[in-house]
file structure17.cif (mmCIF, C-alpha atoms, pLDDT in the B column; chains and numbers go by the auth columns)
data_start
loop_
_atom_site.group_PDB
_atom_site.id
_atom_site.type_symbol
_atom_site.label_atom_id
_atom_site.label_comp_id
_atom_site.label_asym_id
_atom_site.label_seq_id
_atom_site.Cartn_x
_atom_site.Cartn_y
_atom_site.Cartn_z
_atom_site.B_iso_or_equiv
_atom_site.auth_seq_id
_atom_site.auth_asym_id
ATOM 1 C CA MET A 1 8.910 -14.761 -37.506 30.00 1 M
ATOM 2 C CA GLY A 2 10.216 -13.598 -40.875 31.00 2 M
ATOM 3 C CA PHE A 3 9.371 -9.988 -40.048 30.00 3 M
ATOM 4 C CA ILE A 4 11.209 -10.155 -36.742 32.00 4 M
ATOM 5 C CA ARG A 5 14.364 -11.265 -38.529 34.00 5 M
ATOM 6 C CA ALA A 6 13.894 -8.516 -41.102 36.00 6 M
ATOM 7 C CA GLY A 7 13.379 -5.972 -38.339 44.00 7 M
ATOM 8 C CA LEU A 8 16.715 -6.820 -36.764 45.00 8 M
ATOM 9 C CA VAL A 9 18.432 -6.563 -40.147 39.00 9 M
ATOM 10 C CA VAL A 10 16.891 -3.122 -40.707 44.00 10 M
ATOM 11 C CA LEU A 11 17.962 -2.056 -37.219 51.00 11 M
ATOM 12 C CA SER A 12 21.506 -3.267 -37.860 43.00 12 M
ATOM 13 C CA ILE A 13 21.669 -1.379 -41.156 34.00 13 M
ATOM 14 C CA ALA A 14 20.431 1.764 -39.398 43.00 14 M
ATOM 15 C CA LEU A 15 23.149 1.398 -36.786 42.00 15 M
ATOM 16 C CA LEU A 16 25.840 1.181 -39.454 34.00 16 M
ATOM 17 C CA SER A 17 24.613 4.073 -41.624 34.00 17 M
ATOM 18 C CA ALA A 18 26.537 7.348 -41.844 32.00 18 M
ATOM 19 C CA SER A 19 25.390 10.973 -41.808 33.00 19 M
ATOM 20 C CA PRO A 20 27.789 13.910 -42.146 31.00 20 M
ATOM 21 C CA ASP A 21 25.303 16.188 -40.364 35.00 21 M
ATOM 22 C CA GLY A 22 25.569 14.130 -37.184 32.00 22 M
ATOM 23 C CA ALA A 23 29.321 13.507 -37.234 31.00 23 M
ATOM 24 C CA ALA A 24 30.075 16.241 -34.711 33.00 24 M
ATOM 25 C CA GLN A 25 27.571 14.798 -32.244 36.00 25 M
ATOM 26 C CA ALA A 26 29.019 11.286 -32.405 37.00 26 M
ATOM 27 C CA SER A 27 31.887 12.173 -30.061 42.00 27 M
ATOM 28 C CA ASP A 28 29.669 13.934 -27.505 78.00 28 M
ATOM 29 C CA ALA A 29 28.821 11.967 -24.364 89.00 29 M
ATOM 30 C CA PRO A 30 25.150 11.006 -24.735 96.00 30 M
ATOM 31 C CA CYS A 31 24.568 10.364 -21.012 98.00 31 M
ATOM 32 C CA VAL A 32 25.166 12.714 -18.096 98.00 32 M
ATOM 33 C CA SER A 33 24.535 12.665 -14.363 97.00 33 M
ATOM 34 C CA LEU A 34 22.487 15.214 -12.465 97.00 34 M
ATOM 35 C CA THR A 35 21.054 15.663 -8.996 98.00 35 M
ATOM 36 C CA PHE A 36 17.438 16.647 -8.392 98.00 36 M
ATOM 37 C CA GLU A 37 15.846 17.094 -4.979 98.00 37 M
ATOM 38 C CA GLY A 38 18.753 15.237 -3.386 97.00 38 M
ATOM 39 C CA ASP A 39 18.678 12.158 -5.652 98.00 39 M
ATOM 40 C CA GLY A 40 20.942 11.224 -8.540 98.00 40 M
ATOM 41 C CA PHE A 41 19.755 10.490 -12.062 98.00 41 M
ATOM 42 C CA THR A 42 21.354 9.574 -15.379 98.00 42 M
ATOM 43 C CA VAL A 43 19.948 11.436 -18.388 98.00 43 M
ATOM 44 C CA CYS A 44 20.616 10.222 -21.938 98.00 44 M
ATOM 45 C CA THR A 45 19.700 12.389 -24.920 98.00 45 M
ATOM 46 C CA ALA A 46 18.578 11.248 -28.376 98.00 46 M
ATOM 47 C CA ARG A 47 18.442 13.850 -31.152 97.00 47 M
ATOM 48 C CA PRO A 48 16.353 13.158 -34.266 95.00 48 M
ATOM 49 C CA GLY A 49 18.322 13.664 -37.446 92.00 49 M
ATOM 50 C CA GLU A 50 21.590 13.195 -35.583 94.00 50 M
ATOM 51 C CA ASP A 51 21.127 9.847 -33.844 97.00 51 M
ATOM 52 C CA GLY A 52 19.729 6.560 -35.055 96.00 52 M
ATOM 53 C CA ILE A 53 16.722 5.734 -32.848 97.00 53 M
ATOM 54 C CA ALA A 54 14.850 2.434 -32.980 97.00 54 M
ATOM 55 C CA LEU A 55 13.063 -0.163 -30.867 98.00 55 M
ATOM 56 C CA SER A 56 14.087 -3.786 -30.589 97.00 56 M
ATOM 57 C CA LEU A 57 12.393 -6.804 -29.050 95.00 57 M
ATOM 58 C CA ARG A 58 13.892 -9.983 -30.507 92.00 58 M
ATOM 59 C CA GLY A 59 17.054 -11.263 -32.104 87.00 59 M
ATOM 60 C CA ALA A 60 17.404 -12.769 -35.563 85.00 60 M
ATOM 61 C CA ASP A 61 16.650 -16.162 -34.007 87.00 61 M
ATOM 62 C CA GLY A 62 13.173 -14.939 -33.036 87.00 62 M
ATOM 63 C CA LYS A 63 13.907 -15.113 -29.322 88.00 63 M
ATOM 64 C CA PRO A 64 13.339 -12.066 -27.090 89.00 64 M
ATOM 65 C CA HIS A 65 16.538 -10.309 -26.035 94.00 65 M
ATOM 66 C CA ARG A 66 15.281 -10.058 -22.412 94.00 66 M
ATOM 67 C CA ARG A 67 18.651 -8.677 -21.248 96.00 67 M
ATOM 68 C CA LEU A 68 20.760 -5.772 -22.487 97.00 68 M
ATOM 69 C CA ALA A 69 23.762 -8.089 -22.711 96.00 69 M
ATOM 70 C CA LEU A 70 21.816 -10.305 -25.131 95.00 70 M
ATOM 71 C CA LEU A 71 20.801 -7.260 -27.168 96.00 71 M
ATOM 72 C CA LYS A 72 24.498 -6.421 -27.437 96.00 72 M
ATOM 73 C CA ARG A 73 25.255 -9.962 -28.578 95.00 73 M
ATOM 74 C CA ASP A 74 22.406 -9.990 -31.095 94.00 74 M
ATOM 75 C CA LEU A 75 23.546 -6.723 -32.696 95.00 75 M
ATOM 76 C CA GLY A 76 26.980 -8.145 -33.478 94.00 76 M
ATOM 77 C CA LYS A 77 29.373 -5.599 -34.992 94.00 77 M
ATOM 78 C CA ALA A 78 26.614 -2.968 -35.019 94.00 78 M
ATOM 79 C CA ALA A 79 26.836 -2.924 -31.214 96.00 79 M
ATOM 80 C CA ASP A 80 29.981 -0.793 -31.575 97.00 80 M
ATOM 81 C CA GLN A 81 27.819 2.131 -32.677 97.00 81 M
ATOM 82 C CA VAL A 82 25.348 2.002 -29.793 98.00 82 M
ATOM 83 C CA ARG A 83 25.317 5.247 -27.821 98.00 83 M
ATOM 84 C CA PHE A 84 22.892 3.873 -25.251 98.00 84 M
ATOM 85 C CA ALA A 85 19.992 1.456 -24.867 98.00 85 M
ATOM 86 C CA MET A 86 17.276 1.171 -22.239 98.00 86 M
ATOM 87 C CA ASN A 87 14.186 -0.865 -21.435 98.00 87 M
ATOM 88 C CA ALA A 88 11.214 0.847 -23.075 97.00 88 M
ATOM 89 C CA GLY A 89 7.779 -0.429 -22.160 94.00 89 M
ATOM 90 C CA MET A 90 5.965 -2.933 -19.981 94.00 90 M
ATOM 91 C CA PHE A 91 5.743 -6.608 -20.863 94.00 91 M
ATOM 92 C CA ASP A 92 4.302 -9.981 -19.858 92.00 92 M
ATOM 93 C CA VAL A 93 6.082 -13.007 -18.406 93.00 93 M
ATOM 94 C CA ARG A 94 7.329 -14.001 -21.886 92.00 94 M
ATOM 95 C CA GLY A 95 8.826 -10.570 -22.539 92.00 95 M
ATOM 96 C CA ALA A 96 6.089 -9.602 -25.022 93.00 96 M
ATOM 97 C CA PRO A 97 4.675 -6.037 -24.935 96.00 97 M
ATOM 98 C CA ILE A 98 1.363 -5.632 -23.083 94.00 98 M
ATOM 99 C CA GLY A 99 0.515 -2.487 -25.039 97.00 99 M
ATOM 100 C CA LEU A 100 1.059 -1.009 -28.472 98.00 100 M
ATOM 101 C CA TYR A 101 4.288 -2.024 -30.138 98.00 101 M
ATOM 102 C CA VAL A 102 5.338 -0.985 -33.645 98.00 102 M
ATOM 103 C CA GLU A 103 8.675 -2.010 -35.105 96.00 103 M
ATOM 104 C CA ASN A 104 9.885 -0.607 -38.423 95.00 104 M
ATOM 105 C CA GLY A 105 6.351 0.351 -39.456 97.00 105 M
ATOM 106 C CA ARG A 106 4.764 -3.002 -38.574 97.00 106 M
ATOM 107 C CA GLN A 107 2.342 -3.184 -35.659 97.00 107 M
ATOM 108 C CA LEU A 108 3.123 -6.300 -33.637 96.00 108 M
ATOM 109 C CA LYS A 109 0.751 -5.450 -30.771 96.00 109 M
ATOM 110 C CA ALA A 110 -2.365 -3.269 -30.854 97.00 110 M
ATOM 111 C CA VAL A 111 -2.897 -0.317 -28.528 96.00 111 M
ATOM 112 C CA ASN A 112 -4.194 -1.429 -25.117 95.00 112 M
ATOM 113 C CA THR A 113 -7.140 0.679 -23.875 95.00 113 M
ATOM 114 C CA ARG A 114 -8.370 -1.718 -21.206 92.00 114 M
ATOM 115 C CA ASP A 115 -8.702 -0.898 -17.513 92.00 115 M
ATOM 116 C CA GLY A 116 -6.907 -2.992 -14.912 86.00 116 M
ATOM 117 C CA PHE A 117 -4.488 -3.053 -12.024 86.00 117 M
ATOM 118 C CA GLY A 118 -0.863 -1.971 -11.834 76.00 118 M
ATOM 119 C CA ASN A 119 1.164 0.931 -13.120 81.00 119 M
ATOM 120 C CA PHE A 120 0.369 0.366 -16.794 77.00 120 M
ATOM 121 C CA HIS A 121 -3.335 0.877 -16.107 76.00 121 M
ATOM 122 C CA LEU A 122 -2.889 3.983 -13.956 83.00 122 M
ATOM 123 C CA LYS A 123 -4.623 6.137 -16.549 92.00 123 M
ATOM 124 C CA PRO A 124 -3.655 8.080 -18.462 96.00 124 M
ATOM 125 C CA ASN A 125 -0.920 5.875 -19.817 96.00 125 M
ATOM 126 C CA GLY A 126 0.806 6.782 -23.060 98.00 126 M
ATOM 127 C CA VAL A 127 2.912 6.040 -26.116 98.00 127 M
ATOM 128 C CA PHE A 128 6.473 6.924 -27.073 98.00 128 M
ATOM 129 C CA TRP A 129 6.537 6.930 -30.851 98.00 129 M
ATOM 130 C CA ILE A 130 8.615 7.990 -33.804 98.00 130 M
ATOM 131 C CA GLY A 131 6.858 9.295 -36.889 97.00 131 M
ATOM 132 C CA GLY A 132 7.817 8.464 -40.432 93.00 132 M
ATOM 133 C CA ASP A 133 9.448 11.905 -40.545 94.00 133 M
ATOM 134 C CA GLY A 134 11.683 10.963 -37.609 95.00 134 M
ATOM 135 C CA LYS A 135 9.909 13.256 -35.138 97.00 135 M
ATOM 136 C CA LEU A 136 9.932 11.979 -31.541 98.00 136 M
ATOM 137 C CA ASN A 137 6.694 12.043 -29.570 98.00 137 M
ATOM 138 C CA VAL A 138 5.252 11.216 -26.164 98.00 138 M
ATOM 139 C CA THR A 139 1.454 11.182 -26.319 98.00 139 M
ATOM 140 C CA ALA A 140 -1.257 10.243 -23.821 98.00 140 M
ATOM 141 C CA MET A 141 -3.050 7.097 -24.953 97.00 141 M
ATOM 142 C CA ASP A 142 -6.495 8.655 -25.509 97.00 142 M
ATOM 143 C CA THR A 143 -4.968 11.429 -27.623 97.00 143 M
ATOM 144 C CA TYR A 144 -2.910 8.910 -29.573 98.00 144 M
ATOM 145 C CA VAL A 145 -6.001 6.830 -30.361 97.00 145 M
ATOM 146 C CA ALA A 146 -7.906 9.933 -31.466 98.00 146 M
ATOM 147 C CA GLN A 147 -5.074 11.157 -33.705 96.00 147 M
ATOM 148 C CA LYS A 148 -4.516 7.757 -35.385 96.00 148 M
ATOM 149 C CA PRO A 149 -0.873 8.395 -36.337 97.00 149 M
ATOM 150 C CA LYS A 150 1.148 6.001 -38.462 96.00 150 M
ATOM 151 C CA PRO A 151 4.373 5.558 -36.494 98.00 151 M
ATOM 152 C CA ALA A 152 7.551 3.960 -37.704 98.00 152 M
ATOM 153 C CA TRP A 153 8.278 2.862 -34.133 98.00 153 M
ATOM 154 C CA ALA A 154 6.040 2.902 -31.050 98.00 154 M
ATOM 155 C CA THR A 155 5.865 1.474 -27.544 98.00 155 M
ATOM 156 C CA GLN A 156 3.080 1.893 -24.999 98.00 156 M
ATOM 157 C CA SER A 157 3.692 2.102 -21.270 97.00 157 M
ATOM 158 C CA GLY A 158 2.262 3.795 -18.239 95.00 158 M
ATOM 159 C CA PRO A 159 1.482 5.842 -16.413 97.00 159 M
ATOM 160 C CA MET A 160 2.183 9.162 -18.060 98.00 160 M
ATOM 161 C CA LEU A 161 4.409 11.250 -15.802 98.00 161 M
ATOM 162 C CA VAL A 162 3.664 14.665 -17.283 98.00 162 M
ATOM 163 C CA ILE A 163 0.697 15.533 -19.523 98.00 163 M
ATOM 164 C CA ASP A 164 0.646 18.918 -21.263 97.00 164 M
ATOM 165 C CA GLY A 165 2.892 20.375 -18.580 97.00 165 M
ATOM 166 C CA LYS A 166 0.893 18.974 -15.633 97.00 166 M
ATOM 167 C CA LEU A 167 1.849 16.126 -13.333 97.00 167 M
ATOM 168 C CA HIS A 168 -0.200 12.943 -13.411 95.00 168 M
ATOM 169 C CA PRO A 169 -3.251 13.725 -11.245 90.00 169 M
ATOM 170 C CA LYS A 170 -2.977 10.533 -9.170 92.00 170 M
ATOM 171 C CA PHE A 171 0.619 11.031 -8.000 86.00 171 M
ATOM 172 C CA ASP A 172 1.448 11.939 -4.415 80.00 172 M
ATOM 173 C CA HIS A 173 4.130 14.570 -3.957 84.00 173 M
ATOM 174 C CA ASP A 174 6.639 11.952 -2.813 86.00 174 M
ATOM 175 C CA GLY A 175 4.816 8.672 -2.299 86.00 175 M
ATOM 176 C CA GLU A 176 5.994 5.671 -0.302 87.00 176 M
ATOM 177 C CA SER A 177 6.459 3.446 -3.368 85.00 177 M
ATOM 178 C CA ARG A 178 10.144 3.752 -4.272 93.00 178 M
ATOM 179 C CA HIS A 179 11.980 1.976 -7.067 96.00 179 M
ATOM 180 C CA ILE A 180 14.793 2.609 -9.488 97.00 180 M
ATOM 181 C CA ARG A 181 12.619 4.036 -12.260 98.00 181 M
ATOM 182 C CA ASN A 182 13.075 5.113 -15.860 98.00 182 M
ATOM 183 C CA GLY A 183 11.128 7.005 -18.485 98.00 183 M
ATOM 184 C CA VAL A 184 11.218 9.260 -21.529 98.00 184 M
ATOM 185 C CA GLY A 185 10.229 12.855 -22.207 98.00 185 M
ATOM 186 C CA VAL A 186 10.409 15.103 -25.261 98.00 186 M
ATOM 187 C CA THR A 187 11.665 18.689 -25.134 98.00 187 M
ATOM 188 C CA ASP A 188 10.388 21.683 -27.084 97.00 188 M
ATOM 189 C CA ALA A 189 13.439 21.268 -29.317 97.00 189 M
ATOM 190 C CA GLY A 190 12.270 17.747 -30.210 97.00 190 M
ATOM 191 C CA ASP A 191 14.976 15.809 -28.356 98.00 191 M
ATOM 192 C CA ALA A 192 14.059 12.720 -26.325 98.00 192 M
ATOM 193 C CA LEU A 193 15.433 12.572 -22.790 98.00 193 M
ATOM 194 C CA PHE A 194 15.706 9.055 -21.372 98.00 194 M
ATOM 195 C CA VAL A 195 16.131 9.085 -17.588 98.00 195 M
ATOM 196 C CA ILE A 196 16.969 6.384 -15.067 98.00 196 M
ATOM 197 C CA SER A 197 17.285 7.049 -11.350 98.00 197 M
ATOM 198 C CA ASP A 198 20.469 6.048 -9.527 97.00 198 M
ATOM 199 C CA ALA A 199 18.492 4.993 -6.442 97.00 199 M
ATOM 200 C CA PRO A 200 14.847 4.231 -5.641 98.00 200 M
ATOM 201 C CA VAL A 201 12.590 7.284 -6.114 98.00 201 M
ATOM 202 C CA SER A 202 8.868 8.012 -6.140 97.00 202 M
ATOM 203 C CA PHE A 203 6.678 8.656 -9.162 97.00 203 M
ATOM 204 C CA GLY A 204 6.208 12.240 -8.010 97.00 204 M
ATOM 205 C CA LYS A 205 9.903 13.023 -7.921 98.00 205 M
ATOM 206 C CA LEU A 206 10.572 11.516 -11.357 98.00 206 M
ATOM 207 C CA ALA A 207 7.651 13.461 -12.790 98.00 207 M
ATOM 208 C CA ARG A 208 8.832 16.740 -11.260 98.00 208 M
ATOM 209 C CA LEU A 209 12.325 16.144 -12.653 98.00 209 M
ATOM 210 C CA TYR A 210 10.855 15.982 -16.134 98.00 210 M
ATOM 211 C CA ARG A 211 8.586 18.989 -15.677 98.00 211 M
ATOM 212 C CA ASP A 212 10.685 21.326 -13.557 98.00 212 M
ATOM 213 C CA GLN A 213 14.303 20.635 -14.506 98.00 213 M
ATOM 214 C CA LEU A 214 14.223 18.942 -17.895 98.00 214 M
ATOM 215 C CA LYS A 215 11.326 21.117 -19.136 98.00 215 M
ATOM 216 C CA CYS A 216 9.395 18.315 -20.803 98.00 216 M
ATOM 217 C CA ASP A 217 5.686 19.028 -21.198 98.00 217 M
ATOM 218 C CA ASP A 218 5.010 15.336 -21.841 98.00 218 M
ATOM 219 C CA ALA A 219 6.837 12.415 -20.250 98.00 219 M
ATOM 220 C CA LEU A 220 6.109 8.697 -19.954 98.00 220 M
ATOM 221 C CA TYR A 221 7.066 6.134 -17.343 98.00 221 M
ATOM 222 C CA PHE A 222 8.768 3.030 -18.724 98.00 222 M
ATOM 223 C CA ASP A 223 9.187 0.806 -15.652 96.00 223 M
ATOM 224 C CA GLY A 224 10.544 0.390 -12.135 94.00 224 M
ATOM 225 C CA ALA A 225 12.615 -2.219 -10.272 91.00 225 M
ATOM 226 C CA VAL A 226 13.732 -3.774 -13.594 96.00 226 M
ATOM 227 C CA SER A 227 14.910 -0.455 -15.099 97.00 227 M
ATOM 228 C CA SER A 228 18.227 -0.920 -16.918 97.00 228 M
ATOM 229 C CA LEU A 229 20.705 1.089 -18.986 98.00 229 M
ATOM 230 C CA TRP A 230 23.477 0.216 -21.411 98.00 230 M
ATOM 231 C CA ALA A 231 25.732 3.250 -21.851 98.00 231 M
ATOM 232 C CA PRO A 232 29.156 2.455 -23.340 97.00 232 M
ATOM 233 C CA SER A 233 30.404 5.996 -22.624 97.00 233 M
ATOM 234 C CA LEU A 234 29.829 5.285 -18.925 97.00 234 M
ATOM 235 C CA ASP A 235 31.214 1.736 -19.157 97.00 235 M
ATOM 236 C CA ARG A 236 27.785 0.631 -17.953 98.00 236 M
ATOM 237 C CA LEU A 237 25.841 -2.478 -18.904 98.00 237 M
ATOM 238 C CA ASP A 238 23.185 -3.232 -16.292 97.00 238 M
ATOM 239 C CA ALA A 239 22.473 -6.901 -15.668 92.00 239 M
ATOM 240 C CA GLY A 240 19.194 -6.524 -13.806 75.00 240 M
ATOM 241 C CA ARG A 241 16.134 -8.616 -14.470 86.00 241 M
ATOM 242 C CA ASN A 242 14.426 -9.789 -17.634 94.00 242 M
ATOM 243 C CA LEU A 243 13.142 -7.011 -19.894 96.00 243 M
ATOM 244 C CA GLY A 244 10.751 -6.573 -22.821 96.00 244 M
ATOM 245 C CA PRO A 245 10.960 -3.878 -25.522 97.00 245 M
ATOM 246 C CA MET A 246 14.157 -1.834 -25.677 98.00 246 M
ATOM 247 C CA VAL A 247 15.047 1.498 -27.249 98.00 247 M
ATOM 248 C CA VAL A 248 18.405 1.608 -29.016 98.00 248 M
ATOM 249 C CA VAL A 249 20.138 4.908 -29.836 98.00 249 M
ATOM 250 C CA THR A 250 23.166 4.833 -32.120 97.00 250 M
ATOM 251 C CA SER A 251 25.777 6.953 -33.791 93.00 251 M
ATOM 252 C CA PRO A 252 24.549 7.946 -37.261 79.00 252 M
#
call {"tool": "encode", "arguments": {"input": "structure17.cif", "output": "structure tokens"}}
result
Amino acid sequence: MGFIRAGLVVLSIALLSASPDGAAQASDAPCVSLTFEGDGFTVCTARPGEDGIALSLRGADGKPHRRLALLKRDLGKAADQVRFAMNAGMFDVRGAPIGLYVENGRQLKAVNTRDGFGNFHLKPNGVFWIGGDGKLNVTAMDTYVAQKPKPAWATQSGPMLVIDGKLHPKFDHDGESRHIRNGVGVTDAGDALFVISDAPVSFGKLARLYRDQLKCDDALYFDGAVSSLWAPSLDRLDAGRNLGPMVVVTSP
């Protein structure tokens, strides 16, 4: 419990820190709308070295945020510097991660390599992680386990959407399962692109968006149906359903 409180304090300090190199970016809109294959999406960009990027699960009281509105409350004054936040990984009924979760260098949940049912277990699944050098990564789970990195922040979800430039092999072109979905991909330039659909879409369409339009060789699915975004620049704070881990991107 003590670490969780410390983690929120560290996150709050990161939100309030300043960096002259990123000052010009602070006024740029972090989230934009685009249309792909007839459907609308919102794309939010995080740039390492220019934005503060962290994961958050619980407030200082040790209770899971569960909702973006409660994350906003728990951040207090630091909430003024949030560029956007989004659900970032699958979770159990208590809001706890069901896969790897690392917060400020401390592993709170080990990597999950088990087989099972549901989207998380539609192998390969993967990990969004931030190295100690601030580099942003999306890595398939088997590769992550083999590499044994030491992330500062990490969250496991699944399935992977794009792996080394190829779509997940089990996706239909435009399957019948449709939900409002969200995910993350990393560009060649090292930026992370967080996407949420404006309407229900298939896995295949979200994956093609990342590969064909956003040019991400690796992209990871975060969730569907519960997918939520907090984007102050859009005056948007989704209510939605209960959530688990969240990614928080802030002005430097």
call {"tool": "axis_aligned_box", "arguments": {"input": "structure17.cif", "around": "range 173-178 of chain M", "padding_each_side": "5 Å", "output": "lines of an AutoDock Vina configuration file"}}
result
center_x = 7.1
center_y = 9.0
center_z = -2.3
size_x = 16.0
size_y = 21.1
size_z = 14.0
call {"tool": "residues_around", "arguments": {"input": "structure17.cif", "residues": "range 107-121 of chain M", "least_positions_apart": "2", "cutoff": "10 Å", "atoms": "all atoms listed in the file", "output": "ChimeraX atom specification"}}
result
/M:3-4,89-91,96-105,123-127,141-142,144-145,150-160,221-224
call {"tool": "write_last_selection", "arguments": {"input": "structure17.cif", "atoms": "C-alpha atoms", "output": "PDB file, keeping the file's coordinate frame"}}
result
ATOM      1  CA  PHE M   3       9.371  -9.988 -40.048  1.00 30.00           C
ATOM      2  CA  ILE M   4      11.209 -10.155 -36.742  1.00 32.00           C
ATOM      3  CA  GLY M  89       7.779  -0.429 -22.160  1.00 94.00           C
ATOM      4  CA  MET M  90       5.965  -2.933 -19.981  1.00 94.00           C
ATOM      5  CA  PHE M  91       5.743  -6.608 -20.863  1.00 94.00           C
ATOM      6  CA  ALA M  96       6.089  -9.602 -25.022  1.00 93.00           C
ATOM      7  CA  PRO M  97       4.675  -6.037 -24.935  1.00 96.00           C
ATOM      8  CA  ILE M  98       1.363  -5.632 -23.083  1.00 94.00           C
ATOM      9  CA  GLY M  99       0.515  -2.487 -25.039  1.00 97.00           C
ATOM     10  CA  LEU M 100       1.059  -1.009 -28.472  1.00 98.00           C
ATOM     11  CA  TYR M 101       4.288  -2.024 -30.138  1.00 98.00           C
ATOM     12  CA  VAL M 102       5.338  -0.985 -33.645  1.00 98.00           C
ATOM     13  CA  GLU M 103       8.675  -2.010 -35.105  1.00 96.00           C
ATOM     14  CA  ASN M 104       9.885  -0.607 -38.423  1.00 95.00           C
ATOM     15  CA  GLY M 105       6.351   0.351 -39.456  1.00 97.00           C
ATOM     16  CA  LYS M 123      -4.623   6.137 -16.549  1.00 92.00           C
ATOM     17  CA  PRO M 124      -3.655   8.080 -18.462  1.00 96.00           C
ATOM     18  CA  ASN M 125      -0.920   5.875 -19.817  1.00 96.00           C
ATOM     19  CA  GLY M 126       0.806   6.782 -23.060  1.00 98.00           C
ATOM     20  CA  VAL M 127       2.912   6.040 -26.116  1.00 98.00           C
ATOM     21  CA  MET M 141      -3.050   7.097 -24.953  1.00 97.00           C
ATOM     22  CA  ASP M 142      -6.495   8.655 -25.509  1.00 97.00           C
ATOM     23  CA  TYR M 144      -2.910   8.910 -29.573  1.00 98.00           C
ATOM     24  CA  VAL M 145      -6.001   6.830 -30.361  1.00 97.00           C
ATOM     25  CA  LYS M 150       1.148   6.001 -38.462  1.00 96.00           C
ATOM     26  CA  PRO M 151       4.373   5.558 -36.494  1.00 98.00           C
ATOM     27  CA  ALA M 152       7.551   3.960 -37.704  1.00 98.00           C
ATOM     28  CA  TRP M 153       8.278   2.862 -34.133  1.00 98.00           C
ATOM     29  CA  ALA M 154       6.040   2.902 -31.050  1.00 98.00           C
ATOM     30  CA  THR M 155       5.865   1.474 -27.544  1.00 98.00           C
ATOM     31  CA  GLN M 156       3.080   1.893 -24.999  1.00 98.00           C
ATOM     32  CA  SER M 157       3.692   2.102 -21.270  1.00 97.00           C
ATOM     33  CA  GLY M 158       2.262   3.795 -18.239  1.00 95.00           C
ATOM     34  CA  PRO M 159       1.482   5.842 -16.413  1.00 97.00           C
ATOM     35  CA  MET M 160       2.183   9.162 -18.060  1.00 98.00           C
ATOM     36  CA  TYR M 221       7.066   6.134 -17.343  1.00 98.00           C
ATOM     37  CA  PHE M 222       8.768   3.030 -18.724  1.00 98.00           C
ATOM     38  CA  ASP M 223       9.187   0.806 -15.652  1.00 96.00           C
ATOM     39  CA  GLY M 224      10.544   0.390 -12.135  1.00 94.00           C
TER      40      GLY M 224
END
call {"tool": "residues_around", "arguments": {"input": "structure17.cif", "residues": "Phe84 in chain M", "least_positions_apart": "6", "cutoff": "7 Å", "atoms": "all atoms listed in the file", "output": "PDB file with C-alpha atoms, in the frame of the given file"}}
result
ATOM      1  CA  TRP M 230      23.477   0.216 -21.411  1.00 98.00           C
ATOM      2  CA  ALA M 231      25.732   3.250 -21.851  1.00 98.00           C
ATOM      3  CA  PRO M 232      29.156   2.455 -23.340  1.00 97.00           C
ATOM      4  CA  VAL M 248      18.405   1.608 -29.016  1.00 98.00           C
ATOM      5  CA  VAL M 249      20.138   4.908 -29.836  1.00 98.00           C
ATOM      6  CA  THR M 250      23.166   4.833 -32.120  1.00 97.00           C
TER       7      THR M 250
END
call {"tool": "resolve_selection", "arguments": {"input": "structure17.cif", "expression": "the PyMOL selection byres ((chain M and resi 226) around 10)", "output": "number ranges by chain"}}
result
M: 87, 179-182, 222-225, 227-228, 238-243
call {"tool": "write_last_selection", "arguments": {"input": "structure17.cif", "atoms": "C-alpha atoms", "output": "compact mmCIF listing (two decimals), keeping the file's coordinate frame"}}
result
# COMPACT_ATOMS: atom_id res chain seq x y z
CA ASN M 87 14.19 -0.86 -21.44
CA HIS M 179 11.98 1.98 -7.07
CA ILE M 180 14.79 2.61 -9.49
CA ARG M 181 12.62 4.04 -12.26
CA ASN M 182 13.08 5.11 -15.86
CA PHE M 222 8.77 3.03 -18.72
CA ASP M 223 9.19 0.81 -15.65
CA GLY M 224 10.54 0.39 -12.14
CA ALA M 225 12.62 -2.22 -10.27
CA SER M 227 14.91 -0.46 -15.10
CA SER M 228 18.23 -0.92 -16.92
CA ASP M 238 23.18 -3.23 -16.29
CA ALA M 239 22.47 -6.90 -15.67
CA GLY M 240 19.19 -6.52 -13.81
CA ARG M 241 16.13 -8.62 -14.47
CA ASN M 242 14.43 -9.79 -17.63
CA LEU M 243 13.14 -7.01 -19.89
call {"tool": "closest_residue", "arguments": {"input": "structure17.cif", "among": "M:Asp92, M:Gly244, M:Gly165, M:Lys215", "to": "Leu71 in chain M", "atoms": "all atoms listed in the file"}}
result
M:Gly244
call {"tool": "closest_residue", "arguments": {"input": "structure17.cif", "among": "M:Arg83, M:His168, M:Val43, M:Pro48", "to": "Asp28 in chain M", "atoms": "only C-alpha atoms"}}
result
M:Arg83
call {"tool": "closest_residue", "arguments": {"input": "structure17.cif", "among": "M:Leu70, M:Val186, M:Ala192, M:Leu167", "to": "Asp51 in chain M", "atoms": "all atoms listed in the file"}}
result
M:Ala192
call {"tool": "atom_distance", "arguments": {"input": "structure17.cif", "atom1": "CA of Pro252 in chain M", "atom2": "CA of Asp191 in chain M"}}
result
15.3 Å
call {"tool": "resolve_selection", "arguments": {"input": "structure17.cif", "expression": "the PyMOL selection byres ((chain M and resi 72) around 12)", "output": "MDAnalysis selection string"}}
result
chainID M and resid 12 56 58:59 65:71 73:86 229:232 237:239 246 248
call {"tool": "atom_distance", "arguments": {"input": "structure17.cif", "atom1": "CA of Leu206 in chain M", "atom2": "CA of Gly134 in chain M"}}
result
26.3 Å
call {"tool": "residues_around", "arguments": {"input": "structure17.cif", "residues": "Phe203 in chain M", "least_positions_apart": "6", "cutoff": "9 Å", "atoms": "only C-alpha atoms", "output": "short mmCIF file (atom, residue, chain, number, x, y, z; two decimals) with C-alpha atoms, in the coordinates of the input"}}
result
data_model
loop_
_atom_site.label_atom_id
_atom_site.label_comp_id
_atom_site.auth_asym_id
_atom_site.auth_seq_id
_atom_site.Cartn_x
_atom_site.Cartn_y
_atom_site.Cartn_z
CA LEU M 161 4.41 11.25 -15.80
CA PHE M 171 0.62 11.03 -8.00
CA ASP M 172 1.45 11.94 -4.42
CA HIS M 173 4.13 14.57 -3.96
CA ASP M 174 6.64 11.95 -2.81
CA GLY M 175 4.82 8.67 -2.30
CA SER M 177 6.46 3.45 -3.37
CA ARG M 178 10.14 3.75 -4.27
CA HIS M 179 11.98 1.98 -7.07
CA ARG M 181 12.62 4.04 -12.26
CA TYR M 221 7.07 6.13 -17.34
#
